[in-house]
Structure formats: C-alpha cells, structure tokens
Amino acid sequence: MSVVRLIARDELRLMARNRVAVIAFVLLVLLTLAAVLSSWAHQRGIAELRSRHAAAAEQAFDAQPNRHPHRVVHYGTFIFRPLSPLAAFDPGVDAFTGNSMFLEGHRQNTANFGDVRQSSLLIRFGQLTPAFVLQIVAPLLLIFLGYGALARERERGTLRLLMLQGVGRGELVRGKGAALGVVALLAGLPAMIGFALIAGQPGAQIVPMLTIAGGYLAYLALWVVVILLVSAFARRSRDALLALVAIWAVTVILLPRVVPDIANAAVPLRNRLQTDVAIARDLRRMGDSHNPDDPHYAAFKQSVLDRYGVTRVEDLPLNYKGVLAMEGERLTSSLFDRYAGESFAAQARQNALVDAAGILSPAIALRSLSMAAAGTDFAGHRRFLDQAEAYRYDLVQRLNRMQATDVSYADDTATDAGADQRKRVAADNWQRMPDFRFERPDGAVLARAALPGLAILVAWLMIATGLLALATRRLGVR
C-alpha cells in the first residue's frame with residue numbers, strides 16, 4: 001500500500017475516533033437529506049399550486065360572456081411563472097421576486113406574491129435547500145474535521161519523525177488531502193441523490209446539472225486545499241481553527257451579505273413609486289387620445305384618414321376607436337418598456353458588481369453559478385417578465401384589433417337602448433386567444449451563463465493549490 005493511502009487511512013481512522021466529528025458528519029448528512037426532501041416536496045407543492053391557479057385563470061378568461069373587446073382588455077388575466085426542475089436544488093431569487101402577474105391593458109404590472117412576503121421572517125435567513133447546506137454548512141464541517149491535519153503533526157512533534165521515516169512532504173499533504181476529500185465527497189453525496197431525483201423529472205437538463213455538480217465539486221475541493229494550506233502555516237491547531245473560522249465567516253457569511261448593500265449604494269435603483277410618478281408624467285406629455293386638439297393624436301387621425309382616402313372617421317372601413325386603442329397601447333407599452341429597460345440595466349449593473357466580488361469570496365461565485373445554471377437567477381426572472389410583457393402586449397392588441405374589425409364605429413358610439421348588445425362580440429373569441437406558455441432556455445444557454453462563476457472558482461482552486469505546493473516545500477523547515 002502506498003504511503004499516501006496509509007496516511008489517508010490513518011487520518012480517516014483518527015477522524016472516526018473523534019465522536020464530535022462523527023456526530024457532526026452524521027448530522028450534516030441528515031440535514032442534507034432533509035433539505036433535499038423538504039425542498040423537493042416544497043417545490044412540487046408550489047409547482048402544482050401555480051399550475052392549478054394558472055388553469056383556473058385561463059378557465060375564467062375563456063368563460064367570459066359576450067362582451068365588448070375593450071372590457072376584456074381591462075378584465076385582464078393572471079399568469080404564473082413555472083418552476084425549473086433545478087429550483088428544487090437552488091430556488092435562487094424566486095422566493096423574493098414574486099411568481100404571478102396580472103396582465104391588463106394600459107399597464108405593465110410587476111410580479112407579486114413572493115414566498116418571502118407570505119412567510120415568516122425566518123425565510124429571509126435562507127431556505128433549507130441542498131444548495132444552502134453545501135454552501136454554508138459543509139465548509140464549516142470540513143474546517144472542524146481538518147483544521148489540525150498538518151498543524152497537529154507539527155504541534156505534537158510527529159512531523160519531523162514522519163519525514164525521518166521516509167515520508168515525503170508531498171506524500172503527507174496528499175494523504176491528508178485525500179482523507180479530507182473523501183469526507184467532502186461523502187458530505188456532498190446526499191445532494192447528488194437530490195440531483196438523481198431531479199434528473200428523472202420532465203424538463204430536467206443534463207448540461208446545467210453537470211455544471212452545478214462541477215461547481216460544487218470545485219468549491220468543496222477549494223475548501224479542502226484552503227484548510228490544508230492554513231494548517232500547514234499554523235504553528236498550533238488552535239491557531240489554524242481560529243484562522244479558518246474567520247475565513248469562513250468573512251467569505252461565506254459577511255461578504256455575501258455586505259456586497260449587495262454596497263452594490264445597491266453604488267447603483268441606486270428607482271423604486272416603484274418613483275417609477276409610477278415618472279411614467280404618469282411622461283404619459284401626460286405623450287398626449288391625450290380623448291383630446292381632439294392633441295398634436296400627436298390629431299396627426300395620427302389624419303394619417304389614418306389619408307391612408308384610406310376618406311375625410312371622416314365614420315367612413316373608415318375599420319372602427320377608429322379600435323385603431324386609436326392600438327396606437328395608444330403601442331405608445332404606452334414603448335414607454336413602459338423604456339422604464340423597464342432602465343430598471344433592468346441598473347439591476348444588471350448591481351448584479352455585475354456582486355458577481356465581481358466572487359474574486360473576494362468563492363461563495364459568491366458559487367451562488368452565481370448555481371442560480372444561473374438552475375435558471376433561478378435575476379436573468380431567469382427577467383426572462384419571465386419579458387415573455388409576460390410580450391404576451392400581454394400581443395393579447396391586448398388582439399383585443400384592440402377585434403374592436404377595430406368586429407365592432408362598427410356607429411355601434412361603438414351609439415347610446416340607444418340596444419347599443420350595448422350590438423357592440424359585443426361572441427364569447428368564443430376569448431377561447432381562441434392563445435394561453436401564456438413560458439419558454440425555458442435550453443441547457444447550453446444556462447450552462448453558458450454559469451461559466452463566469454465556474455471560472456472564478458477554478459481560478460481560486462488553482463491559486464490555492466499553487467500556494468499549498470509552496471507551503472508544502474517549507475513544511476517542517478521551522
């Protein structure tokens with residue numbers, strides 16, 4: 001048996017004799033299994049609930065009676081964001097961003113009913129998910145198991161004895177690292193069980209799953225290397241433990257909490273009230289379709305009359321009120337899109353600052369990688385908002401077009417007793433309207449979005465490995 005294997009086996013035997021370490025490891029495995037099962041059950045429950053509400057909203061929209069198309073524009077409908085299968089592993093920002101939207105004419109609403117707003121404040125401290133356990137708890141366990149791997153040998157005076165017996169410095173470090181690596185793999189095994197459950201679900205994509213698995217493997221390997229590196233430099237085991245706990249507290253707890261606040265201060269984001277006030281101001285400047293003397297709408301009216309070669313709206317082959325509604329929706333939607341684009345750009349700059357902080361904290365890089373590959377990051381939320389707005393605009397314009405073609409201008413402006421019935425259209429028109437279907441990106445797109453975080457993790461691992469190689473050469477010198 002090689003020297004590296006003997007050292008690894010001896011280190012594992014030493015860990016096994018430590019009751020506290022064994023209990024901590026068992027608790028971590030149980031916690032990870034509980035996180036897998038609870039997160040899986042939670043996400044399935046949410047998916048079924050959203051699917052049920054989406055079906056009810058579609059049924060209510062289709063069940064409308066004969067009515068004027070513009071009434072349907074204001075009746076609106078609800079849509080719900082479907083969950084990615086990988087959300088069971090890492091739900092990302094889904095609990096904070098909201099999961100449903102009310103679509104209506106003349107307005108661009110935001111997503112509502114995030115889990116955080118409907119749950120206790122405890123959810124703000126992190127949901128119990130496999131990602132949370134591997135990012136936060138697993139490194140702490142590895143620290144308590146491996147902090148004395150090399151410092152203990154120096155402290156007890158056995159380091160020089162091992163070298164005198166022919167054990168090379170590299171063999172000693174590799175053996176200790178192999179033992180700690182086995183523990184890291186065993187700690188991540190329950191999360192891989194969760195991956196196996198996810199892999200059998202419809203819509204699961206193998207490339208993002210492999211990307212996530214590779215990212216977490218690099219993250220745990222990095223902690224193994226960092227633990228050995230600190231233990232190699234520390235004179236006493238106690239010093240190594242204090243240094244490693246400090247590194248864990250700063251990189252895993254402090255920086256991921258502070259950096260978003262710094263990004264928010266560096267790139268201010270206009271709140272909802274400020275946005276609504278600005279939009280209302282711009283809408284007034286844009287014009288009033290009810291004012292015949294309004295410059296924009298007067299010019300638009302004249303352009304429509306010229307297009308059809310008539311002098312009165314009553315002579316148009318279309319209902320001018322429907323044509324006017326289409327123009328008004330086009331203008332307001334372009335305004336909404338402009339403000340939404342500005343907000344998205346500011347949030348993207350904030351997220352870029354947070355992602356750049358992965359250079360200081362591998363935990364931030366891992367979170368970025370994990371959410372991006374799972375499709376539960378800000379880009380995934382924006383993808384839902386963009387598709388929702390495209391569907392809303394298409395739906396409203398279909399209804400406006402229906403008013404222009406299926407309701408005459410004479411009936412639309414009539415005030416007699418039977419006018420209300422004449423301006424209605426058949427109810428089967430609502431049933432022919434397309435339902436909202438969220439289009440998920442393919443696996444290559446998600447994996448590509450996760451590459452920057454993976455690159456940072458790999459860079460961290462390479463630098464730490466290089467430093468450990470340098471520390472290994474000096475091992476036992478002092």
# chains A, B, ... in the order shown; residues from 1 in each chain; ligands from 1

call {"tool": "residues_around", "arguments": {"residues": "region 62-74 of chain A", "least_positions_apart": "5", "cutoff": "8 Å", "atoms": "only C-alpha atoms", "output": "list of chain:residue names"}}
result
A:Glu104, A:Gly105, A:Val396, A:Leu399, A:Asn400, A:Met402, A:Gln403, A:Gln421, A:Lys423, A:Arg424, A:Val425, A:Ala426, A:Ala427, A:Asp428, A:Trp430, A:Gln431

call {"tool": "residues_around", "arguments": {"residues": "Val245 (chain A)", "least_positions_apart": "3", "cutoff": "8 Å", "atoms": "only C-alpha atoms", "output": "tab-separated table (two decimals) with C-alpha atoms, in the first residue's frame"}}
result
chain	number	residue	atom	x	y	z
A	140	LEU	CA	-17.71	24.53	8.38
A	143	ILE	CA	-12.92	23.02	8.89
A	241	LEU	CA	-9.01	26.67	13.70
A	242	LEU	CA	-9.38	30.36	14.55
A	248	TRP	CA	-15.35	31.09	6.62
A	249	ALA	CA	-17.18	33.90	8.45

call {"tool": "closest_residue", "arguments": {"among": "A:Pro82, A:Gly168, A:Gly358, A:Gly76", "to": "Ala54 (chain A)", "atoms": "only C-alpha atoms"}}
result
A:Pro82

call {"tool": "residues_around", "arguments": {"residues": "Leu305 (chain A)", "least_positions_apart": "5", "cutoff": "12 Å", "atoms": "only C-alpha atoms", "output": "ChimeraX atom specification"}}
result
/A:298-300,310-320,323

call {"tool": "select_by_dssp", "arguments": {"residues": "region 118-167 of chain A", "states": "alpha helix (DSSP H)", "output": "list in words"}}
result
Gln118, Pro130, Ala131, Phe132, Ala138, Pro139, Leu140, Leu141, Leu142, Ile143, Phe144, Leu145, Gly146, Ala151, Arg152, Glu153, Arg154, Glu155, Arg156, Thr158, Leu159, Arg160, Leu161, Leu162, Met163 and Leu164 of chain A

call {"tool": "residues_around", "arguments": {"residues": "Asp355 (chain A)", "least_positions_apart": "4", "cutoff": "7 Å", "atoms": "only C-alpha atoms", "output": "ChimeraX atom specification"}}
result
/A:351,364-365,368

call {"tool": "write_last_selection", "arguments": {"atoms": "C-alpha atoms", "output": "PDB file, in the first residue's frame"}}
result
ATOM      1  CA  ASN A 351     -25.515  42.072 -10.136  1.00  0.00           C
ATOM      2  CA  ILE A 364     -20.476  34.476  -4.094  1.00  0.00           C
ATOM      3  CA  ALA A 365     -19.067  32.911  -7.264  1.00  0.00           C
ATOM      4  CA  SER A 368     -23.889  32.998  -9.065  1.00  0.00           C
TER       5      SER A 368
END

call {"tool": "residues_around", "arguments": {"residues": "Ala204 (chain A)", "least_positions_apart": "5", "cutoff": "12 Å", "atoms": "only C-alpha atoms", "output": "PyMOL selection string"}}
result
chain A and resi 83-89+195-199+209-210+373-375+440-443+446

call {"tool": "write_last_selection", "arguments": {"atoms": "C-alpha atoms", "output": "mmCIF file, in the first residue's frame"}}
result
data_model
loop_
_atom_site.group_PDB
_atom_site.id
_atom_site.type_symbol
_atom_site.label_atom_id
_atom_site.label_comp_id
_atom_site.auth_asym_id
_atom_site.auth_seq_id
_atom_site.Cartn_x
_atom_site.Cartn_y
_atom_site.Cartn_z
ATOM 1 C CA LEU A 83 -40.569 26.493 -11.821
ATOM 2 C CA SER A 84 -37.431 24.995 -13.271
ATOM 3 C CA PRO A 85 -36.830 21.388 -12.100
ATOM 4 C CA LEU A 86 -33.463 22.549 -10.702
ATOM 5 C CA ALA A 87 -35.276 25.042 -8.464
ATOM 6 C CA ALA A 88 -35.663 22.141 -6.030
ATOM 7 C CA PHE A 89 -31.886 22.265 -5.573
ATOM 8 C CA PHE A 195 -29.820 15.517 -8.392
ATOM 9 C CA ALA A 196 -30.802 11.947 -9.248
ATOM 10 C CA LEU A 197 -34.395 12.720 -8.259
ATOM 11 C CA ILE A 198 -34.387 15.853 -10.376
ATOM 12 C CA ALA A 199 -32.872 14.076 -13.384
ATOM 13 C CA MET A 209 -26.861 19.770 -13.824
ATOM 14 C CA LEU A 210 -23.298 18.782 -14.712
ATOM 15 C CA ALA A 373 -27.367 27.074 -14.158
ATOM 16 C CA ALA A 374 -30.637 26.388 -12.322
ATOM 17 C CA GLY A 375 -32.358 29.250 -14.150
ATOM 18 C CA ARG A 440 -37.442 27.876 -20.938
ATOM 19 C CA PRO A 441 -33.933 28.366 -22.321
ATOM 20 C CA ASP A 442 -32.025 25.304 -23.418
ATOM 21 C CA GLY A 443 -29.325 23.766 -21.285
ATOM 22 C CA LEU A 446 -27.995 28.143 -18.771
#

call {"tool": "residues_around", "arguments": {"residues": "region 235-240 of chain A", "least_positions_apart": "6", "cutoff": "9 Å", "atoms": "only C-alpha atoms", "output": "compact mmCIF listing (two decimals) with C-alpha atoms, in the first residue's frame"}}
result
# COMPACT_ATOMS: atom_id res chain seq x y z
CA TYR A 147 -8.04 22.17 10.81
CA GLY A 148 -5.35 20.18 12.60
CA ALA A 149 -4.39 17.91 9.71
CA LEU A 150 -0.85 19.34 9.43
CA ALA A 151 -0.68 21.72 12.40
CA ARG A 152 -1.35 18.80 14.72
CA ARG A 154 3.92 19.94 13.94
CA GLU A 155 2.45 20.64 17.38
CA ILE A 227 -7.83 24.02 5.15

call {"tool": "closest_residue", "arguments": {"among": "A:Ala60, A:Val93, A:Ala138, A:Val4", "to": "Leu28 (chain A)", "atoms": "only C-alpha atoms"}}
result
A:Ala138
